[in-house]
Amino acid sequence: MTPNLRILIVDANQVRAAIIEEGLREAGYDELIRISGTTGLVAAIEAHDPDVVVIDLEDPSRDALADMFLVSRHVRRPITMFVDQSDSASIEAAVEAGVSAYIVDGLKKERMQPILQTCISRFNAFRKLREELEEARSQLDDRKTIDRAKAIVMRLKGLSEEEAYALMRRTAMNEKRKLVEIARSLITAAEMLK
Amino acid sequence: MTTLHLRVGFMPLVDAALLVAAADSGIAEGHGLSLELVREVSWSNLRDRLHVRLLDAAHMLAPAAIASTLGIGGVTAPMAAPILLNLNGNALTVSARRFEEMARVAKGDLDDPSVSALALASLVSARKASGLPPLAFAAVFGFSCHAYLLRDWMALAGLRLGEDVRLEIVPPVRTVEALASGEVDGFCAGAPWNTLAVEAGVGTILHCGVDLMPDCPEKVLAWRADDIERRSEAVARLNAALIEASHWVSNESNRPALARMLAAPDRLAAPASLIEAILRGEIMQGGGRPPRQVPSYIRFDVAAIRPDPAHADVLLAAMARAGHVVATPDLAERARAIFRPFAADVTQR
């Protein structure tokens, strides 16, 4: 199977666009064009004449893109993936993942399927990555807060690091609160009593 | 009564008022609903997320509901509207610069749409004669009353939208920026975007939607067509909540509270004072003209939100004039079926 389809990726998020591009390249597609926004969309489509346009659902230019295809005098008019309603499962998965695709009329469903699947999995992978990053960031913030509170306890009560940490943990357990919450209260109190 | 959780998508516009009032004033809870409003960035998203049931119902342009149901424009996603969200609410705004140019060439009072259309036509021919690029006007969606209002207004002077004047599709939130940057020379959009353009000093409101088309069926509450019967209980509850919201919104003493709800960052994120003036029908025009009092600028009253199959006829005729559809009796019947005069039943419950 030689894919040989030209795919235009519209995504303002450069990192995600790169992840999608990489995914499609691995799947054997090598005619890929990436553009990052609304400006130049018409020119890009006219210049590259893509078979498939993949667009981020959070891109506000979607309505303009749809209209452009509607009024375009272009011979090969892309249409939305909704046209083939027989494949509702992958359409649902795509909308849920946050990606939409436009395909030139006449392109067989079998040829679109792997592209859509790749985009869906890459969009989902990107979201997971971002969630993990946010979690890691918040864990790091929590650690810093706990360290600051520990230093306050050590200074005020003349305790060692281990003792200060044990005291905070015990307090958190007794009050059925998270350690980081106890730490935040300690910092607030220390600021007030300065 | 078990509480039903409903997710309803909306675009940041004043005509989401009934949804916002129902969700944020406690009205929905009284009807056994927990109403979650989801702000979207495009009408296409609202349509698609409704279609795959990531949304239960959606704030929708009435012509977009028709296009989607009839499968015009490459998408077939049948919808039904058991209630409208408002009538009217649009305005036609031109950049401060184009307004000055139009005022110089106008033969008569620019408040008259046929005078203003002729003034625009004279700008169009002057630009053509001196080799300047054509003027561009924006609407928020291809299948929208905004596009049809622009088209019908320009036709008063024999101008063809899309030929003599370019049509750009710009999302509501970007209209002011597009006007300020000169990307477009004017736009037709719903409130509060025209007022925000006047407030920013970049635009002048030329006409209100009602000057061109009274009782324009602007937005509907769209459900998937097959959900109307399948989920009749949810539909009935949301209808009842929206009818109560309509009474609440129509009570003048609630306007300041409604304006504050709409102004919130997760709703319209626009100044409450401007929204409140719009709700009162006080329309700042800009261009050195006094504010206008337009009582039916946007209508949320119970009579206004009752769907009528005749709404489909009016819209289909506009769509046909724009070349979006060739109306056949079969299409007209399918379009009429979208507007379910269901609100009346609920009022009587």
# chains A, B, ... in the order shown; residues from 1 in each chain; ligands from 1

call {"tool": "residues_around", "arguments": {"residues": "region 90-102 of chain B", "least_positions_apart": "4", "cutoff": "6 Å", "atoms": "only C-alpha atoms", "output": "list in words"}}
result
Ala106, Ala119, Asp185, Gly186, Phe187, Cys188, Ala189, Gly190, Val202, Gly203, Thr204, Ile205, Leu206, His207, Cys208 and Gly209 of chain B

call {"tool": "interface_residues", "arguments": {"of": "chain B", "to": "chain A", "cutoff": "10 Å", "atoms": "only C-alpha atoms", "output": "number ranges by chain"}}
result
B: 40-45, 48-49, 51-54, 71-77, 139-143, 162, 167-174, 324

call {"tool": "write_last_selection", "arguments": {"atoms": "N, CA and C atoms", "output": "tab-separated table (two decimals), in the first residue's frame"}}
result
chain	number	residue	atom	x	y	z
B	40	GLU	N	-17.97	27.28	23.35
B	40	GLU	CA	-17.30	26.73	22.17
B	40	GLU	C	-16.68	27.85	21.33
B	41	VAL	N	-15.77	27.47	20.41
B	41	VAL	CA	-15.11	28.48	19.60
B	41	VAL	C	-15.65	28.54	18.17
B	42	SER	N	-16.46	27.56	17.78
B	42	SER	CA	-17.00	27.63	16.41
B	42	SER	C	-18.35	26.95	16.33
B	43	TRP	N	-19.14	27.38	15.35
B	43	TRP	CA	-20.47	26.77	15.12
B	43	TRP	C	-20.28	25.35	14.64
B	44	SER	N	-19.21	25.10	13.90
B	44	SER	CA	-18.94	23.74	13.42
B	44	SER	C	-18.73	22.80	14.61
B	45	ASN	N	-18.03	23.28	15.63
B	45	ASN	CA	-17.80	22.44	16.82
B	45	ASN	C	-19.12	22.13	17.52
B	48	ASP	N	-20.84	19.49	15.50
B	48	ASP	CA	-20.19	18.17	15.57
B	48	ASP	C	-20.32	17.54	16.96
B	49	ARG	N	-20.14	18.35	17.99
B	49	ARG	CA	-20.20	17.79	19.35
B	49	ARG	C	-21.63	17.41	19.71
B	51	HIS	N	-23.72	16.31	17.42
B	51	HIS	CA	-23.96	15.11	16.61
B	51	HIS	C	-23.41	13.85	17.27
B	52	VAL	N	-22.24	13.95	17.90
B	52	VAL	CA	-21.67	12.75	18.54
B	52	VAL	C	-22.07	12.66	20.01
B	53	ARG	N	-23.02	13.49	20.39
B	53	ARG	CA	-23.59	13.49	21.74
B	53	ARG	C	-22.60	13.83	22.84
B	54	LEU	N	-21.57	14.62	22.51
B	54	LEU	CA	-20.73	15.16	23.58
B	54	LEU	C	-21.47	16.33	24.20
B	71	GLY	N	-28.35	18.72	4.91
B	71	GLY	CA	-27.12	18.20	4.33
B	71	GLY	C	-26.53	19.12	3.28
B	72	ILE	N	-26.69	20.43	3.46
B	72	ILE	CA	-26.08	21.38	2.53
B	72	ILE	C	-24.71	21.74	3.09
B	73	GLY	N	-23.71	21.75	2.25
B	73	GLY	CA	-22.39	22.14	2.73
B	73	GLY	C	-21.60	20.98	3.27
B	74	GLY	N	-21.90	19.78	2.79
B	74	GLY	CA	-21.03	18.65	3.09
B	74	GLY	C	-21.25	17.96	4.42
B	75	VAL	N	-22.24	18.38	5.18
B	75	VAL	CA	-22.48	17.74	6.48
B	75	VAL	C	-23.97	17.44	6.61
B	76	THR	N	-24.29	16.22	7.01
B	76	THR	CA	-25.69	15.91	7.32
B	76	THR	C	-25.78	15.50	8.77
B	77	ALA	N	-26.33	16.37	9.58
B	77	ALA	CA	-26.52	16.08	10.99
B	77	ALA	C	-27.89	16.66	11.36
B	139	ALA	N	-19.11	37.89	8.09
B	139	ALA	CA	-20.25	37.30	8.81
B	139	ALA	C	-19.64	36.17	9.62
B	140	VAL	N	-20.39	35.66	10.61
B	140	VAL	CA	-19.79	34.69	11.52
B	140	VAL	C	-19.88	33.25	11.04
B	141	PHE	N	-20.67	33.02	10.01
B	141	PHE	CA	-20.82	31.67	9.48
B	141	PHE	C	-21.43	31.79	8.11
B	142	GLY	N	-21.15	30.82	7.23
B	142	GLY	CA	-21.73	30.88	5.89
B	142	GLY	C	-23.24	30.84	5.91
B	143	PHE	N	-23.80	29.85	6.67
B	143	PHE	CA	-25.26	29.73	6.77
B	143	PHE	C	-25.71	30.48	8.01
B	162	GLY	N	-19.98	38.61	-2.26
B	162	GLY	CA	-19.21	37.48	-2.78
B	162	GLY	C	-18.67	37.77	-4.17
B	167	LEU	N	-16.83	38.30	0.93
B	167	LEU	CA	-17.39	37.84	2.20
B	167	LEU	C	-16.33	37.02	2.92
B	168	GLU	N	-16.04	37.43	4.15
B	168	GLU	CA	-15.09	36.68	4.98
B	168	GLU	C	-15.85	36.07	6.14
B	169	ILE	N	-15.47	34.88	6.55
B	169	ILE	CA	-16.09	34.29	7.73
B	169	ILE	C	-15.14	34.49	8.91
B	170	VAL	N	-15.62	35.21	9.92
B	170	VAL	CA	-14.80	35.55	11.08
B	170	VAL	C	-15.60	35.19	12.34
B	171	PRO	N	-15.01	34.44	13.28
B	171	PRO	CA	-15.78	34.12	14.49
B	171	PRO	C	-16.12	35.40	15.28
B	172	PRO	N	-17.28	35.41	15.97
B	172	PRO	CA	-17.72	36.63	16.67
B	172	PRO	C	-16.61	37.29	17.50
B	173	VAL	N	-15.88	36.48	18.27
B	173	VAL	CA	-14.87	37.04	19.16
B	173	VAL	C	-13.74	37.75	18.41
B	174	ARG	N	-13.59	37.49	17.11
B	174	ARG	CA	-12.51	38.12	16.36
B	174	ARG	C	-12.97	39.30	15.50
B	324	HIS	N	-27.70	29.23	-1.76
B	324	HIS	CA	-27.27	28.12	-0.91
B	324	HIS	C	-28.13	26.88	-1.10

call {"tool": "select_by_dssp", "arguments": {"residues": "region 96-171 of chain A", "states": "strand (DSSP E)", "output": "PyMOL selection string"}}
result
chain A and resi 99-104

call {"tool": "residues_around", "arguments": {"residues": "Ala257 (chain B)", "least_positions_apart": "5", "cutoff": "12 Å", "atoms": "only C-alpha atoms", "output": "compact mmCIF listing (two decimals) with C-alpha atoms, in the first residue's frame"}}
result
# COMPACT_ATOMS: atom_id res chain seq x y z
CA ALA B 17 -29.00 34.86 27.68
CA VAL B 20 -27.10 31.56 31.00
CA ALA B 21 -30.09 32.75 33.04
CA ASP B 24 -26.82 30.63 36.67
CA SER B 25 -29.95 31.86 38.46
CA TRP B 248 -37.28 36.18 34.29
CA VAL B 249 -35.21 37.88 31.56
CA ASN B 251 -38.61 41.38 33.87
CA GLU B 252 -36.71 44.67 33.66
CA LEU B 262 -23.43 37.22 30.97
CA ALA B 263 -20.35 39.33 31.71
CA ALA B 264 -18.62 36.53 33.64
CA ALA B 272 -21.62 44.18 32.25
CA SER B 273 -22.54 47.84 31.69
CA ILE B 275 -24.44 44.24 28.03
CA GLU B 276 -27.05 45.88 30.24
CA LEU B 279 -30.64 44.42 27.04

call {"tool": "residues_around", "arguments": {"residues": "Ala189 (chain A)", "least_positions_apart": "6", "cutoff": "12 Å", "atoms": "only C-alpha atoms", "output": "PyMOL selection string"}}
result
chain A and resi 149+152-153+182-183

call {"tool": "write_last_selection", "arguments": {"atoms": "C-alpha atoms", "output": "mmCIF file, in the first residue's frame"}}
result
data_model
loop_
_atom_site.group_PDB
_atom_site.id
_atom_site.type_symbol
_atom_site.label_atom_id
_atom_site.label_comp_id
_atom_site.auth_asym_id
_atom_site.auth_seq_id
_atom_site.Cartn_x
_atom_site.Cartn_y
_atom_site.Cartn_z
ATOM 1 C CA ALA A 149 7.056 24.848 55.829
ATOM 2 C CA ILE A 152 9.844 27.180 59.366
ATOM 3 C CA VAL A 153 9.070 24.364 61.828
ATOM 4 C CA ILE A 182 -0.800 21.787 56.499
ATOM 5 C CA ALA A 183 2.343 23.224 54.890
#

call {"tool": "closest_residue", "arguments": {"among": "A:Val180, A:Ile146, A:Ala125, A:Val52", "to": "Leu107 (chain A)", "atoms": "only C-alpha atoms"}}
result
A:Val52

call {"tool": "atom_distance", "arguments": {"atom1": "CA of Ala22 (chain B)", "atom2": "CA of Met284 (chain B)"}}
result
27.9 Å

call {"tool": "residues_around", "arguments": {"residues": "Ala16 (chain B)", "least_positions_apart": "2", "cutoff": "12 Å", "atoms": "only C-alpha atoms", "output": "ChimeraX atom specification"}}
result
/B:8-14,18-24,37-40,58-61,84-87,89,190-192,218-221,242,245-246,249,258-259,261-263,267-268,298-300

call {"tool": "atom_distance", "arguments": {"atom1": "CA of Gly201 (chain B)", "atom2": "CA of Ser130 (chain B)"}}
result
28.1 Å

call {"tool": "select_by_dssp", "arguments": {"residues": "region 86-200 of chain B", "states": "helix (DSSP H, G or I)", "output": "JSON, numbers by chain"}}
result
{"B": [96, 97, 98, 99, 100, 101, 102, 103, 104, 105, 113, 114, 115, 116, 117, 118, 119, 120, 121, 122, 123, 124, 125, 126, 127, 128, 129, 145, 146, 147, 148, 149, 150, 151, 152, 153, 154, 155, 172, 173, 174, 175, 176, 177, 178, 179, 180, 193, 194, 195, 196, 197, 198, 199]}

call {"tool": "write_last_selection", "arguments": {"atoms": "C-alpha atoms", "output": "PDB file, in the first residue's frame"}}
result
ATOM      1  CA  ALA B  96     -14.932  54.371  11.218  1.00  0.00           C
ATOM      2  CA  ARG B  97     -13.074  55.145   8.004  1.00  0.00           C
ATOM      3  CA  ARG B  98     -15.637  53.576   5.664  1.00  0.00           C
ATOM      4  CA  PHE B  99     -18.418  55.325   7.574  1.00  0.00           C
ATOM      5  CA  GLU B 100     -16.786  58.709   6.900  1.00  0.00           C
ATOM      6  CA  GLU B 101     -16.427  57.858   3.223  1.00  0.00           C
ATOM      7  CA  MET B 102     -20.047  56.732   3.029  1.00  0.00           C
ATOM      8  CA  ALA B 103     -21.250  59.893   4.807  1.00  0.00           C
ATOM      9  CA  ARG B 104     -19.448  62.003   2.181  1.00  0.00           C
ATOM     10  CA  VAL B 105     -21.175  60.325  -0.780  1.00  0.00           C
ATOM     11  CA  PRO B 113     -30.781  51.130   4.428  1.00  0.00           C
ATOM     12  CA  SER B 114     -31.330  51.889   0.744  1.00  0.00           C
ATOM     13  CA  VAL B 115     -29.404  55.174   1.092  1.00  0.00           C
ATOM     14  CA  SER B 116     -26.529  53.444   2.912  1.00  0.00           C
ATOM     15  CA  ALA B 117     -26.467  50.588   0.381  1.00  0.00           C
ATOM     16  CA  LEU B 118     -26.201  53.107  -2.479  1.00  0.00           C
ATOM     17  CA  ALA B 119     -23.408  54.899  -0.616  1.00  0.00           C
ATOM     18  CA  LEU B 120     -21.578  51.575  -0.320  1.00  0.00           C
ATOM     19  CA  ALA B 121     -22.131  50.951  -4.034  1.00  0.00           C
ATOM     20  CA  SER B 122     -20.533  54.272  -4.867  1.00  0.00           C
ATOM     21  CA  LEU B 123     -17.485  53.330  -2.729  1.00  0.00           C
ATOM     22  CA  VAL B 124     -17.327  49.989  -4.527  1.00  0.00           C
ATOM     23  CA  SER B 125     -17.301  51.585  -7.988  1.00  0.00           C
ATOM     24  CA  ALA B 126     -14.824  54.296  -6.956  1.00  0.00           C
ATOM     25  CA  ARG B 127     -12.421  51.612  -5.699  1.00  0.00           C
ATOM     26  CA  LYS B 128     -12.828  49.590  -8.863  1.00  0.00           C
ATOM     27  CA  ALA B 129     -12.133  52.662 -11.006  1.00  0.00           C
ATOM     28  CA  CYS B 145     -28.805  35.429   9.164  1.00  0.00           C
ATOM     29  CA  HIS B 146     -25.739  37.699   9.272  1.00  0.00           C
ATOM     30  CA  ALA B 147     -24.640  36.617   5.822  1.00  0.00           C
ATOM     31  CA  TYR B 148     -28.220  36.911   4.505  1.00  0.00           C
ATOM     32  CA  LEU B 149     -28.730  40.367   6.070  1.00  0.00           C
ATOM     33  CA  LEU B 150     -25.506  41.601   4.472  1.00  0.00           C
ATOM     34  CA  ARG B 151     -26.491  40.081   1.149  1.00  0.00           C
ATOM     35  CA  ASP B 152     -30.026  41.504   1.147  1.00  0.00           C
ATOM     36  CA  TRP B 153     -28.821  44.949   2.267  1.00  0.00           C
ATOM     37  CA  MET B 154     -26.220  45.107  -0.502  1.00  0.00           C
ATOM     38  CA  ALA B 155     -28.791  43.881  -3.033  1.00  0.00           C
ATOM     39  CA  PRO B 172     -17.719  36.634  16.671  1.00  0.00           C
ATOM     40  CA  VAL B 173     -14.868  37.044  19.161  1.00  0.00           C
ATOM     41  CA  ARG B 174     -12.506  38.122  16.358  1.00  0.00           C
ATOM     42  CA  THR B 175     -14.828  40.622  14.610  1.00  0.00           C
ATOM     43  CA  VAL B 176     -13.604  43.727  16.448  1.00  0.00           C
ATOM     44  CA  GLU B 177      -9.969  42.831  15.878  1.00  0.00           C
ATOM     45  CA  ALA B 178     -10.624  42.107  12.164  1.00  0.00           C
ATOM     46  CA  LEU B 179     -12.286  45.515  11.772  1.00  0.00           C
ATOM     47  CA  ALA B 180      -9.531  47.317  13.673  1.00  0.00           C
ATOM     48  CA  TRP B 193     -19.704  42.523  19.238  1.00  0.00           C
ATOM     49  CA  ASN B 194     -21.058  45.553  17.335  1.00  0.00           C
ATOM     50  CA  THR B 195     -21.255  47.562  20.552  1.00  0.00           C
ATOM     51  CA  LEU B 196     -17.734  46.477  21.490  1.00  0.00           C
ATOM     52  CA  ALA B 197     -16.475  47.752  18.112  1.00  0.00           C
ATOM     53  CA  VAL B 198     -18.175  51.122  18.723  1.00  0.00           C
ATOM     54  CA  GLU B 199     -16.838  51.233  22.284  1.00  0.00           C
TER      55      GLU B 199
END

call {"tool": "residues_around", "arguments": {"residues": "Asp313 (chain B)", "least_positions_apart": "5", "cutoff": "12 Å", "atoms": "only C-alpha atoms", "output": "mmCIF file with C-alpha atoms, in the first residue's frame"}}
result
data_model
loop_
_atom_site.group_PDB
_atom_site.id
_atom_site.type_symbol
_atom_site.label_atom_id
_atom_site.label_comp_id
_atom_site.auth_asym_id
_atom_site.auth_seq_id
_atom_site.Cartn_x
_atom_site.Cartn_y
_atom_site.Cartn_z
ATOM 1 C CA ALA B 62 -31.224 28.926 12.757
ATOM 2 C CA PRO B 63 -29.942 28.719 9.144
ATOM 3 C CA ILE B 66 -31.437 23.991 8.447
ATOM 4 C CA CYS B 216 -35.592 37.439 12.456
ATOM 5 C CA PRO B 217 -35.459 33.849 13.825
ATOM 6 C CA ASP B 308 -43.013 28.235 14.044
ATOM 7 C CA ALA B 318 -33.079 33.854 2.218
ATOM 8 C CA MET B 319 -30.906 30.791 1.635
ATOM 9 C CA ALA B 320 -32.325 30.434 -1.863
ATOM 10 C CA ALA B 327 -35.953 25.160 -2.527
ATOM 11 C CA THR B 328 -38.170 22.237 -3.437
ATOM 12 C CA PRO B 329 -41.413 21.283 -1.630
ATOM 13 C CA LEU B 331 -36.764 20.426 1.290
ATOM 14 C CA ALA B 332 -39.258 22.979 2.588
ATOM 15 C CA GLU B 333 -41.135 20.235 4.423
ATOM 16 C CA ARG B 334 -37.946 18.903 6.013
ATOM 17 C CA ALA B 335 -36.882 22.401 7.036
ATOM 18 C CA ARG B 336 -40.316 23.160 8.505
ATOM 19 C CA ALA B 337 -40.091 20.000 10.603
ATOM 20 C CA ILE B 338 -37.060 21.408 12.457
ATOM 21 C CA PHE B 339 -39.198 24.079 14.102
#

call {"tool": "closest_residue", "arguments": {"among": "A:Leu133, A:Val15, A:Val99, A:Leu32", "to": "Leu116 (chain A)", "atoms": "only C-alpha atoms"}}
result
A:Val99

call {"tool": "residues_around", "arguments": {"residues": "Val165 (chain B)", "least_positions_apart": "4", "cutoff": "7 Å", "atoms": "only C-alpha atoms", "output": "PyMOL selection string"}}
result
chain B and resi 134-136+160-161
